[in-house]
file protein.tsv (TSV, C-alpha atoms)
chain	number	residue	atom	x	y	z
A	1	MET	CA	67.32	95.39	79.18
A	2	TYR	CA	64.09	97.15	80.13
A	3	ALA	CA	62.56	96.52	76.69
A	4	ALA	CA	63.51	92.85	76.79
A	5	ALA	CA	62.00	92.48	80.27
A	6	ILE	CA	58.71	94.08	79.19
A	7	ILE	CA	58.28	91.99	76.04
A	8	VAL	CA	59.24	88.71	77.68
A	9	PHE	CA	56.95	89.55	80.62
A	10	ARG	CA	54.00	90.19	78.30
A	11	GLU	CA	54.46	87.02	76.24
A	12	SER	CA	55.38	84.72	79.13
A	13	LEU	CA	52.52	86.04	81.25
A	14	GLU	CA	49.93	85.00	78.67
A	15	ALA	CA	51.34	81.48	78.44
A	16	ALA	CA	51.83	81.26	82.22
A	17	LEU	CA	48.22	82.29	82.91
A	18	ILE	CA	47.01	79.50	80.62
A	19	ILE	CA	49.30	77.04	82.45
A	20	SER	CA	47.95	78.19	85.85
A	21	VAL	CA	44.34	77.79	84.77
A	22	MET	CA	44.99	74.34	83.25
A	23	LEU	CA	46.98	73.24	86.30
A	24	ALA	CA	44.10	74.23	88.57
A	25	ALA	CA	41.42	72.87	86.25
A	26	THR	CA	43.02	69.43	86.19
A	27	ARG	CA	43.52	69.15	89.94
A	28	GLY	CA	43.15	65.59	91.13
A	29	ILE	CA	44.17	63.95	87.85
A	30	ALA	CA	47.04	61.51	88.31
A	31	MET	CA	50.52	62.71	87.35
A	32	ARG	CA	49.24	65.93	85.85
A	33	GLY	CA	52.42	67.78	86.87
A	34	ARG	CA	54.46	65.59	84.59
A	35	TRP	CA	52.10	66.24	81.69
A	36	VAL	CA	52.14	70.00	82.29
A	37	LEU	CA	55.93	69.95	82.33
A	38	GLY	CA	55.89	67.86	79.15
A	39	GLY	CA	53.67	70.51	77.57
A	40	VAL	CA	56.03	73.34	78.53
A	41	VAL	CA	59.10	71.50	77.21
A	42	THR	CA	57.33	70.49	73.97
A	43	GLY	CA	56.10	74.06	73.57
A	44	LEU	CA	59.56	75.57	74.04
A	45	ALA	CA	61.06	73.19	71.48
A	46	GLY	CA	58.18	74.04	69.14
A	47	ALA	CA	58.76	77.77	69.67
A	48	VAL	CA	62.37	77.47	68.52
A	49	VAL	CA	61.35	75.43	65.46
A	50	VAL	CA	58.57	77.90	64.55
A	51	ALA	CA	60.84	80.91	65.07
A	52	SER	CA	63.54	79.49	62.81
A	53	GLY	CA	60.95	78.55	60.19
A	54	MET	CA	59.08	81.86	60.38
A	55	GLN	CA	60.36	83.02	57.00
A	56	MET	CA	58.99	79.89	55.36
A	57	ILE	CA	55.69	80.03	57.27
A	58	ALA	CA	55.22	83.73	56.49
A	59	ASN	CA	55.46	83.13	52.74
A	60	LEU	CA	52.75	80.46	52.63
A	61	VAL	CA	49.19	81.19	51.40
A	62	ASP	CA	50.08	84.40	49.54
A	63	GLY	CA	51.93	85.89	52.49
A	64	MET	CA	49.17	85.02	54.96
A	65	GLY	CA	50.91	81.87	56.28
A	66	GLN	CA	51.56	83.34	59.72
A	67	GLU	CA	47.89	84.22	60.16
A	68	PHE	CA	46.65	80.77	59.09
A	69	PHE	CA	49.28	79.02	61.18
A	70	ASN	CA	48.17	80.87	64.32
A	71	ILE	CA	44.49	80.40	63.45
A	72	ALA	CA	45.07	76.63	63.26
A	73	ILE	CA	46.87	76.67	66.63
A	74	LEU	CA	44.14	78.74	68.28
A	75	LEU	CA	41.24	76.70	66.91
A	76	THR	CA	42.93	73.44	67.95
A	77	ALA	CA	43.32	74.86	71.45
A	78	VAL	CA	39.66	75.96	71.48
A	79	ALA	CA	38.58	72.42	70.53
A	80	MET	CA	40.81	70.92	73.25
A	81	LEU	CA	39.48	73.29	75.90
A	82	ALA	CA	35.91	72.55	74.84
A	83	TRP	CA	36.63	68.83	75.13
A	84	HIS	CA	38.21	69.35	78.55
A	85	ASN	CA	35.27	71.30	79.90
A	86	ILE	CA	32.69	68.87	78.60
A	87	TRP	CA	34.69	65.96	80.04
A	88	MET	CA	34.90	67.77	83.37
A	89	ALA	CA	31.17	68.45	83.34
A	90	SER	CA	30.60	64.70	83.61
A	91	HIS	CA	33.63	63.85	85.81
A	92	GLY	CA	34.05	66.99	87.90
A	93	ARG	CA	31.76	65.79	90.69
A	94	GLU	CA	33.70	62.54	90.97
A	95	LEU	CA	37.01	64.46	91.08
A	96	ALA	CA	35.76	66.83	93.77
A	97	GLN	CA	34.48	63.85	95.78
A	98	GLN	CA	37.86	62.16	95.67
A	99	MET	CA	39.66	65.36	96.61
A	100	LYS	CA	37.51	65.57	99.70
A	101	ASN	CA	37.86	61.94	100.76
A	102	THR	CA	41.33	60.74	99.93
A	103	ALA	CA	44.50	61.89	98.28
A	104	ARG	CA	43.95	59.28	95.59
A	105	SER	CA	43.79	60.57	92.06
A	106	VAL	CA	41.40	59.69	89.34
A	107	SER	CA	43.12	57.22	87.09
A	108	ASP	CA	40.64	57.40	84.23
A	109	GLY	CA	41.99	60.49	82.55
A	110	ARG	CA	44.31	59.34	79.84
A	111	SER	CA	42.92	61.43	77.00
A	112	GLU	CA	42.37	64.29	79.42
A	113	ARG	CA	46.11	64.30	80.11
A	114	SER	CA	46.98	64.54	76.42
A	115	VAL	CA	44.65	67.54	76.28
A	116	ILE	CA	46.62	69.24	79.07
A	117	LEU	CA	49.88	68.57	77.25
A	118	LEU	CA	48.60	69.82	73.91
A	119	VAL	CA	46.90	72.99	75.20
A	120	ILE	CA	49.99	74.02	77.17
A	121	ALA	CA	52.40	73.12	74.38
A	122	LEU	CA	50.39	75.20	71.88
A	123	ALA	CA	50.22	78.20	74.23
A	124	VAL	CA	53.94	78.10	74.99
A	125	MET	CA	54.78	77.61	71.32
A	126	ARG	CA	52.64	80.54	70.17
A	127	GLU	CA	53.85	83.05	72.74
A	128	GLY	CA	57.35	81.59	72.80
A	129	SER	CA	58.07	81.83	69.08
A	130	GLU	CA	57.52	85.62	69.11
A	131	THR	CA	59.76	85.93	72.14
A	132	VAL	CA	62.49	83.85	70.52
A	133	LEU	CA	62.42	86.06	67.41
A	134	PHE	CA	62.56	89.20	69.52
A	135	LEU	CA	65.41	87.94	71.67
A	136	TYR	CA	67.32	86.81	68.59
A	137	GLY	CA	66.93	90.28	67.08
A	138	VAL	CA	68.03	92.20	70.15
A	139	ALA	CA	70.86	89.83	71.01
A	140	THR	CA	72.48	90.13	67.58
A	141	ASP	CA	71.76	93.83	67.29
A	142	SER	CA	73.77	95.83	69.78
A	143	ALA	CA	77.25	95.64	71.29
A	144	ASN	CA	76.45	94.20	74.72
A	145	GLY	CA	73.05	93.07	73.49
A	146	LEU	CA	73.29	89.46	74.55
A	147	GLN	CA	74.08	90.22	78.19
A	148	ASN	CA	71.30	92.81	78.56
A	149	THR	CA	68.81	90.67	76.70
A	150	VAL	CA	69.43	87.61	78.83
A	151	ALA	CA	69.17	89.67	82.04
A	152	GLY	CA	65.99	91.38	80.87
A	153	GLY	CA	64.51	88.16	79.53
A	154	VAL	CA	65.07	86.30	82.79
A	155	LEU	CA	63.56	89.22	84.74
A	156	GLY	CA	60.49	89.26	82.49
A	157	LEU	CA	60.08	85.50	82.69
A	158	VAL	CA	60.31	85.48	86.49
A	159	ALA	CA	57.79	88.33	86.75
A	160	GLY	CA	55.38	86.53	84.40
A	161	ALA	CA	55.71	83.27	86.31
A	162	LEU	CA	55.21	85.12	89.62
A	163	VAL	CA	51.91	86.71	88.57
A	164	ALA	CA	50.66	83.38	87.22
A	165	SER	CA	51.69	81.57	90.44
A	166	LEU	CA	49.70	84.11	92.46
A	167	LEU	CA	46.68	83.31	90.29
A	168	TYR	CA	47.22	79.59	90.87
A	169	ALA	CA	47.60	80.06	94.64
A	170	GLY	CA	44.44	82.15	94.64
A	171	LEU	CA	42.51	79.50	92.71
A	172	LEU	CA	43.55	76.79	95.17
A	173	ARG	CA	41.87	78.75	97.99
A	174	ILE	CA	38.49	78.31	96.36
A	175	PRO	CA	36.46	75.80	98.43
A	176	VAL	CA	36.35	72.32	96.90
A	177	ARG	CA	32.61	72.59	96.42
A	178	TRP	CA	32.98	75.51	94.02
A	179	PHE	CA	36.43	74.68	92.74
A	180	PHE	CA	35.65	72.95	89.45
A	181	ALA	CA	32.78	75.32	88.69
A	182	ALA	CA	35.26	78.21	88.99
A	183	THR	CA	38.03	76.61	86.93
A	184	GLY	CA	35.44	75.46	84.39
A	185	ALA	CA	34.27	79.05	83.98
A	186	LEU	CA	37.87	80.21	83.54
A	187	VAL	CA	38.59	77.54	80.92
A	188	LEU	CA	35.37	78.54	79.13
A	189	LEU	CA	36.43	82.20	79.00
A	190	LEU	CA	39.91	81.16	77.90
A	191	ALA	CA	38.42	79.22	74.97
A	192	ALA	CA	36.18	82.15	74.02
A	193	SER	CA	39.18	84.47	74.22
A	194	MET	CA	41.16	82.25	71.82
A	195	ALA	CA	38.20	82.15	69.43
A	196	SER	CA	38.15	85.95	69.46
A	197	GLN	CA	41.88	86.04	68.64
A	198	ALA	CA	41.35	83.55	65.82
A	199	ALA	CA	38.58	85.81	64.46
A	200	ARG	CA	40.95	88.78	64.59
A	201	LEU	CA	43.48	86.84	62.51
A	202	LEU	CA	40.79	85.73	60.05
A	203	ILE	CA	39.92	89.40	59.55
A	204	GLN	CA	43.62	90.22	59.16
A	205	ALA	CA	43.89	87.49	56.51
A	206	ASP	CA	40.86	89.06	54.79
A	207	VAL	CA	38.75	85.90	55.17
A	208	LEU	CA	36.11	87.36	57.49
A	209	PRO	CA	34.63	90.86	57.49
A	210	SER	CA	35.31	92.90	60.63
A	211	LEU	CA	31.58	93.87	60.93
A	212	ALA	CA	32.56	96.95	62.91
A	213	ALA	CA	36.14	97.98	63.63
A	214	PRO	CA	36.34	98.75	66.42
A	215	ILE	CA	32.91	98.01	67.87
A	216	TRP	CA	33.96	99.86	71.06
A	217	ASN	CA	37.03	101.60	72.38
A	218	THR	CA	37.86	101.32	76.06
A	219	SER	CA	41.60	102.02	75.70
A	220	ASN	CA	41.17	105.27	77.64
A	221	TYR	CA	39.78	103.37	80.63
A	222	LEU	CA	41.90	100.23	80.53
A	223	SER	CA	44.70	100.08	77.99
A	224	GLN	CA	45.93	96.66	76.92
A	225	GLU	CA	49.45	97.98	77.47
A	226	THR	CA	48.98	98.02	81.24
A	227	VAL	CA	49.67	94.98	83.43
A	228	ALA	CA	45.98	94.72	84.37
A	229	GLY	CA	45.01	94.96	80.68
A	230	THR	CA	47.53	92.26	79.78
A	231	ILE	CA	46.27	89.94	82.52
A	232	LEU	CA	42.63	90.45	81.53
A	233	HIS	CA	43.55	89.94	77.88
A	234	GLY	CA	45.34	86.68	78.70
A	235	LEU	CA	42.63	85.39	81.02
A	236	ILE	CA	39.27	86.43	79.62
A	237	GLY	CA	40.22	87.90	76.23
A	238	TYR	CA	39.84	91.57	77.14
A	239	ASP	CA	40.34	93.68	74.03
A	240	ALA	CA	40.22	97.48	74.24
A	241	GLN	CA	39.31	97.90	70.56
A	242	PRO	CA	37.79	94.66	69.23
A	243	ALA	CA	36.15	94.11	65.87
A	244	GLY	CA	32.47	93.16	65.88
A	245	MET	CA	33.35	89.75	64.43
A	246	GLN	CA	35.57	89.02	67.44
A	247	VAL	CA	32.63	89.57	69.77
A	248	VAL	CA	30.50	87.25	67.60
A	249	ALA	CA	33.18	84.52	67.77
A	250	TYR	CA	33.63	85.02	71.51
A	251	MET	CA	29.92	84.73	72.28
A	252	GLY	CA	29.41	81.89	69.79
A	253	VAL	CA	32.11	79.68	71.34
A	254	LEU	CA	30.93	80.58	74.84
A	255	ILE	CA	27.38	79.47	74.08
A	256	VAL	CA	28.37	76.28	72.22
A	257	ILE	CA	30.73	75.03	74.96
A	258	ALA	CA	28.40	76.02	77.79
A	259	SER	CA	25.56	74.07	76.10
A	260	GLY	CA	27.85	71.06	75.72
A	261	MET	CA	28.75	71.23	79.42
A	262	PHE	CA	25.11	71.52	80.40
A	263	LEU	CA	24.12	68.47	78.34
A	264	ALA	CA	27.08	66.42	79.60
A	265	SER	CA	26.38	67.17	83.26
A	266	ARG	CA	22.71	66.27	82.80
A	267	ARG	CA	23.63	62.99	81.18
A	268	ALA	CA	26.16	62.22	83.94
A	269	SER	CA	23.51	62.45	86.67
A	270	PRO	CA	20.14	61.55	85.18
A	271	SER	CA	18.70	60.08	88.38
A	272	GLN	CA	20.28	62.40	90.94
A	273	ALA	CA	18.18	65.19	92.33
A	274	VAL	CA	20.07	68.47	91.94
D	1	MET	CA	32.52	77.02	24.49
D	2	LYS	CA	31.04	80.47	24.43
D	3	ASN	CA	29.95	79.98	28.03
D	4	GLN	CA	33.47	78.99	29.00
D	5	LEU	CA	34.92	82.07	27.36
D	6	THR	CA	32.40	84.23	29.20
D	7	LEU	CA	33.40	82.50	32.43
D	8	ILE	CA	37.09	83.10	31.78
D	9	ALA	CA	36.42	86.72	30.95
D	10	PHE	CA	34.40	87.04	34.11
D	11	CYS	CA	37.18	85.50	36.18
D	12	LEU	CA	39.74	87.84	34.66
D	13	ALA	CA	37.53	90.79	35.41
D	14	ALA	CA	37.06	89.55	38.96
D	15	SER	CA	40.79	89.12	39.52
D	16	GLN	CA	41.30	92.60	38.09
D	17	ALA	CA	38.85	93.88	40.64
D	18	PHE	CA	40.82	92.22	43.43
D	19	ALA	CA	44.11	93.55	42.14
D	20	ALA	CA	42.60	97.01	42.29
D	21	THR	CA	43.04	97.02	46.10
D	22	ASP	CA	45.38	99.87	46.91
D	23	GLU	CA	48.88	98.86	47.91
D	24	ILE	CA	51.04	101.09	50.07
D	25	THR	CA	54.67	100.39	50.90
D	26	LEU	CA	56.15	100.92	54.34
D	27	THR	CA	59.86	100.31	54.80
D	28	ILE	CA	61.73	99.38	57.96
D	29	GLU	CA	65.45	100.15	57.97
D	30	ASN	CA	67.58	100.30	61.12
D	31	HIS	CA	64.33	99.65	63.04
D	32	THR	CA	62.98	102.95	61.69
D	33	PHE	CA	59.77	103.30	59.68
D	34	GLN	CA	59.94	105.10	56.39
D	35	PRO	CA	57.67	107.03	55.88
D	36	LYS	CA	56.48	107.72	59.43
D	37	GLU	CA	53.08	108.73	58.20
D	38	LEU	CA	51.01	106.81	55.63
D	39	LYS	CA	47.99	108.29	53.86
D	40	VAL	CA	45.17	105.82	53.25
D	41	PRO	CA	41.80	106.47	51.58
D	42	ALA	CA	38.77	106.10	53.84
D	43	GLY	CA	36.21	103.33	53.34
D	44	LYS	CA	38.49	101.12	51.25
D	45	LYS	CA	40.45	97.94	51.73
D	46	VAL	CA	44.18	98.60	51.54
D	47	LYS	CA	47.21	96.30	51.53
D	48	ILE	CA	50.21	97.63	53.40
D	49	LEU	CA	53.44	96.04	52.20
D	50	VAL	CA	55.89	96.17	55.06
D	51	VAL	CA	59.42	95.80	53.68
D	52	ASN	CA	61.86	94.85	56.41
D	53	GLN	CA	65.35	95.67	55.15
D	54	ASP	CA	67.03	94.77	58.42
D	55	ALA	CA	68.56	91.34	58.94
D	56	THR	CA	66.61	90.91	62.17
D	57	PRO	CA	62.86	90.20	62.48
D	58	ALA	CA	60.41	93.01	63.23
D	59	GLU	CA	56.86	93.01	64.51
D	60	PHE	CA	54.31	95.42	63.07
D	61	GLU	CA	51.70	96.11	65.71
D	62	SER	CA	48.75	98.45	65.81
D	63	LYS	CA	46.26	98.24	68.66
D	64	PRO	CA	43.86	100.78	67.04
D	65	LEU	CA	43.89	98.74	63.81
D	66	ASN	CA	43.92	95.43	65.67
D	67	ARG	CA	46.84	94.15	63.65
D	68	GLU	CA	49.92	92.22	64.69
D	69	LYS	CA	52.39	90.52	62.41
D	70	VAL	CA	55.99	89.36	62.50
D	71	ILE	CA	58.05	90.38	59.47
D	72	PRO	CA	61.16	88.17	59.26
D	73	GLY	CA	64.49	89.81	58.40
D	74	LYS	CA	65.07	90.80	54.75
D	75	SER	CA	61.50	90.11	53.71
D	76	THR	CA	58.14	91.71	53.00
D	77	GLY	CA	54.93	91.17	54.93
D	78	VAL	CA	51.43	92.00	53.72
D	79	ILE	CA	48.97	93.56	56.16
D	80	ASN	CA	45.33	93.96	55.11
D	81	VAL	CA	43.56	96.95	56.62
D	82	GLY	CA	40.25	98.67	56.09
D	83	PRO	CA	37.73	99.75	55.19
D	84	LEU	CA	38.55	102.45	57.77
D	85	LYS	CA	36.84	105.57	59.05
D	86	PRO	CA	38.76	108.85	58.71
D	87	GLY	CA	41.16	109.42	61.58
D	88	ARG	CA	44.67	108.73	62.83
D	89	TYR	CA	45.77	105.18	63.66
D	90	SER	CA	49.12	104.64	65.35
D	91	PHE	CA	51.38	101.65	64.78
D	92	VAL	CA	54.66	100.53	66.28
D	93	GLU	CA	57.52	98.10	65.66
D	94	GLU	CA	56.98	96.13	68.84
D	95	TYR	CA	60.49	94.78	69.20
D	96	HIS	CA	61.80	98.35	69.52
D	97	GLU	CA	58.63	99.98	70.79
D	98	ASN	CA	60.37	102.60	72.94
D	99	GLU	CA	62.48	104.02	70.13
D	100	ALA	CA	61.28	107.14	68.29
D	101	GLY	CA	61.91	105.59	64.85
D	102	ALA	CA	59.67	102.64	65.63
D	103	GLN	CA	56.51	104.77	65.84
D	104	GLY	CA	54.26	105.58	62.91
D	105	THR	CA	50.77	106.75	62.04
D	106	ILE	CA	48.25	105.83	59.36
D	107	VAL	CA	46.21	108.86	58.39
D	108	VAL	CA	42.85	107.89	56.90
D	109	GLU	CA	41.05	110.61	54.95

call {"tool": "encode", "arguments": {"input": "protein.tsv", "output": "structure tokens"}}
result
Amino acid sequence: MYAAAIIVFRESLEAALIISVMLAATRGIAMRGRWVLGGVVTGLAGAVVVASGMQMIANLVDGMGQEFFNIAILLTAVAMLAWHNIWMASHGRELAQQMKNTARSVSDGRSERSVILLVIALAVMREGSETVLFLYGVATDSANGLQNTVAGGVLGLVAGALVASLLYAGLLRIPVRWFFAATGALVLLLAASMASQAARLLIQADVLPSLAAPIWNTSNYLSQETVAGTILHGLIGYDAQPAGMQVVAYMGVLIVIASGMFLASRRASPSQAV
Amino acid sequence: MKNQLTLIAFCLAASQAFAATDEITLTIENHTFQPKELKVPAGKKVKILVVNQDATPAEFESKPLNREKVIPGKSTGVINVGPLKPGRYSFVEEYHENEAGAQGTIVVE
């Protein structure tokens, strides 16, 4: 039961942190709750489909199917997050203004809402499929496996959701003036973190060189096995022993998206004195 | 024609060079790694073939090697590692990470 709780906690926490950040980052957009929920449900359904098709996926591309599948998911999410942040850079001021004045939501956010749905669905699908496989294994393995697994799984899920809710509650306390700058920074780091994970998988698939492996080792100071390490990994892509190429991907995506945001915010307010 | 033959010969030679990557087999049975310690040459790319003989899926994970891969039940997964510096690199079958049999080490020398 303990093992099930730990694994489910780890996987659900990563997905839940992404949901919290997206939920905060899209504050003020009409009916976003429904789209977030849609993302979770789509993601869970996707996780079951991916888990049951894992054998088939694994055998693709000379046995590297799993790597390429996850790379595609991660890069799609990076593109979506980049789009979100650049969109926010030109609409964030308007959203913050409306949050201050009235409870009315911004209605012009149709494509933005599909981005929320897709990013959350992909995160839940990726973390969920591993959890489904694990739970399937443990449940069919031992005598009273099912009972213990379900109990542990629920415990882990609740703990993961709790930590992520605390993050969300904390984010909501940020003053409106700074709010979208803060969530924008978090989304930016989230995108960079996913790019770093995609780079790790590209190295694993032998497509990219590692450059230096590892480029540093901080596992003695903050192990990724700890709760703090897991949270930092999920939020900002903390890696105790990253390859040099991961750092290159992380910085590259960070710079590209930040430049896009800068250009978009300048274009949105050409005449306003800042 | 002669150029084409040279090209084909070159391609064959190139594919031979790729096939020359060392392959090492690691078996999982009853969630236990066999062998528990793998010897790998330093400074070389190596393919580790993880043969999962159990009916249930397993997950090979190594934080020091930065590798993570699900191996479905009754199948073999390929994990590329290296080139590595000499040393000891631990790995674990994440779905049973607290069990003694699910721990292993890659010894690079």

call {"tool": "interface_residues", "arguments": {"input": "protein.tsv", "of": "chain D", "to": "chain A", "cutoff": "10 Å", "atoms": "only C-alpha atoms", "output": "JSON, numbers by chain"}}
result
{"D": [30, 45, 54, 55, 56, 57, 58, 59, 63, 64, 65, 66, 67, 68, 69, 70, 71, 72, 73, 74, 75, 76, 77, 78, 79, 80, 81, 82, 83, 84, 85, 94, 95, 96, 97, 98, 99]}

call {"tool": "write_last_selection", "arguments": {"input": "protein.tsv", "atoms": "C-alpha atoms", "output": "short mmCIF file (atom, residue, chain, number, x, y, z; two decimals), keeping the file's coordinate frame"}}
result
data_model
loop_
_atom_site.label_atom_id
_atom_site.label_comp_id
_atom_site.auth_asym_id
_atom_site.auth_seq_id
_atom_site.Cartn_x
_atom_site.Cartn_y
_atom_site.Cartn_z
CA ASN D 30 67.58 100.30 61.12
CA LYS D 45 40.45 97.94 51.73
CA ASP D 54 67.03 94.77 58.42
CA ALA D 55 68.56 91.34 58.94
CA THR D 56 66.61 90.91 62.17
CA PRO D 57 62.86 90.20 62.48
CA ALA D 58 60.41 93.01 63.23
CA GLU D 59 56.86 93.01 64.51
CA LYS D 63 46.26 98.24 68.66
CA PRO D 64 43.86 100.78 67.04
CA LEU D 65 43.89 98.74 63.81
CA ASN D 66 43.92 95.43 65.67
CA ARG D 67 46.84 94.15 63.65
CA GLU D 68 49.92 92.22 64.69
CA LYS D 69 52.39 90.52 62.41
CA VAL D 70 55.99 89.36 62.50
CA ILE D 71 58.05 90.38 59.47
CA PRO D 72 61.16 88.17 59.26
CA GLY D 73 64.49 89.81 58.40
CA LYS D 74 65.07 90.80 54.75
CA SER D 75 61.50 90.11 53.71
CA THR D 76 58.14 91.71 53.00
CA GLY D 77 54.93 91.17 54.93
CA VAL D 78 51.43 92.00 53.72
CA ILE D 79 48.97 93.56 56.16
CA ASN D 80 45.33 93.96 55.11
CA VAL D 81 43.56 96.95 56.62
CA GLY D 82 40.25 98.67 56.09
CA PRO D 83 37.73 99.75 55.19
CA LEU D 84 38.55 102.45 57.77
CA LYS D 85 36.84 105.57 59.05
CA GLU D 94 56.98 96.13 68.84
CA TYR D 95 60.49 94.78 69.20
CA HIS D 96 61.80 98.35 69.52
CA GLU D 97 58.63 99.98 70.79
CA ASN D 98 60.37 102.60 72.94
CA GLU D 99 62.48 104.02 70.13
#

call {"tool": "atom_distance", "arguments": {"input": "protein.tsv", "atom1": "atom CA of Arg177 of chain A", "atom2": "atom CA of Phe262 of chain A"}}
result
17.7 Å

call {"tool": "closest_residue", "arguments": {"input": "protein.tsv", "among": "A:Ala181, A:Ala16, A:Ile73, A:Leu155", "to": "Ser90 of chain A", "atoms": "all atoms listed in the file"}}
result
A:Ala181

call {"tool": "atom_distance", "arguments": {"input": "protein.tsv", "atom1": "atom CA of Gly43 of chain A", "atom2": "atom CA of Leu117 of chain A"}}
result
9.1 Å

call {"tool": "closest_residue", "arguments": {"input": "protein.tsv", "among": "A:Val163, A:Ala169, A:Val187, A:Leu146", "to": "Thr230 of chain A", "atoms": "all atoms listed in the file"}}
result
A:Val163

call {"tool": "closest_residue", "arguments": {"input": "protein.tsv", "among": "A:Gly92, A:Arg10, A:Ser265, A:Met1", "to": "Thr149 of chain A", "atoms": "all atoms listed in the file"}}
result
A:Met1

call {"tool": "closest_residue", "arguments": {"input": "protein.tsv", "among": "D:Ile106, D:Lys36, D:Ile28, D:Tyr89", "to": "Val50 of chain D", "atoms": "only C-alpha atoms"}}
result
D:Ile28

call {"tool": "residues_near_point", "arguments": {"input": "protein.tsv", "point": "(57.9, 103.5, 59.9)", "cutoff": "8 Å", "atoms": "only C-alpha atoms", "output": "VMD selection string"}}
result
chain D and resid 26 to 28 32 to 37 92 to 93 101 to 104

call {"tool": "write_last_selection", "arguments": {"input": "protein.tsv", "atoms": "C-alpha atoms", "output": "PDB file, in the frame of the given file"}}
result
ATOM      1  CA  LEU D  26      56.150 100.920  54.340  1.00  0.00           C
ATOM      2  CA  THR D  27      59.860 100.310  54.800  1.00  0.00           C
ATOM      3  CA  ILE D  28      61.730  99.380  57.960  1.00  0.00           C
ATOM      4  CA  THR D  32      62.980 102.950  61.690  1.00  0.00           C
ATOM      5  CA  PHE D  33      59.770 103.300  59.680  1.00  0.00           C
ATOM      6  CA  GLN D  34      59.940 105.100  56.390  1.00  0.00           C
ATOM      7  CA  PRO D  35      57.670 107.030  55.880  1.00  0.00           C
ATOM      8  CA  LYS D  36      56.480 107.720  59.430  1.00  0.00           C
ATOM      9  CA  GLU D  37      53.080 108.730  58.200  1.00  0.00           C
ATOM     10  CA  VAL D  92      54.660 100.530  66.280  1.00  0.00           C
ATOM     11  CA  GLU D  93      57.520  98.100  65.660  1.00  0.00           C
ATOM     12  CA  GLY D 101      61.910 105.590  64.850  1.00  0.00           C
ATOM     13  CA  ALA D 102      59.670 102.640  65.630  1.00  0.00           C
ATOM     14  CA  GLN D 103      56.510 104.770  65.840  1.00  0.00           C
ATOM     15  CA  GLY D 104      54.260 105.580  62.910  1.00  0.00           C
TER      16      GLY D 104
END

call {"tool": "closest_residue", "arguments": {"input": "protein.tsv", "among": "A:Thr183, A:Gln147, A:Asn70, A:Ser111", "to": "Glu127 of chain A", "atoms": "only C-alpha atoms"}}
result
A:Asn70

call {"tool": "residues_around", "arguments": {"input": "protein.tsv", "residues": "Ala185 of chain A", "least_positions_apart": "3", "cutoff": "10 Å", "atoms": "only C-alpha atoms", "output": "PyMOL selection string"}}
result
chain A and resi 25+85+180-182+188-191+236+254+258

call {"tool": "atom_distance", "arguments": {"input": "protein.tsv", "atom1": "atom CA of Arg27 of chain A", "atom2": "atom CA of Ser129 of chain A"}}
result
28.4 Å

call {"tool": "residues_around", "arguments": {"input": "protein.tsv", "residues": "Glu23 of chain D", "least_positions_apart": "5", "cutoff": "6 Å", "atoms": "only C-alpha atoms", "output": "PyMOL selection string"}}
result
chain D and resi 46-48

call {"tool": "closest_residue", "arguments": {"input": "protein.tsv", "among": "A:Ala77, A:Ala82, A:Met31, A:Ile174", "to": "Ile18 of chain A", "atoms": "only C-alpha atoms"}}
result
A:Ala77

call {"tool": "residues_near_point", "arguments": {"input": "protein.tsv", "point": "(55.4, 81.4, 88.0)", "cutoff": "12 Å", "atoms": "only C-alpha atoms", "output": "list in words"}}
result
Phe9, Ser12, Leu13, Glu14, Ala15, Ala16, Leu17, Ile18, Ile19, Ser20, Leu23, Leu155, Gly156, Leu157, Val158, Ala159, Gly160, Ala161, Leu162, Val163, Ala164, Ser165, Leu166, Leu167, Tyr168 and Ala169 of chain A
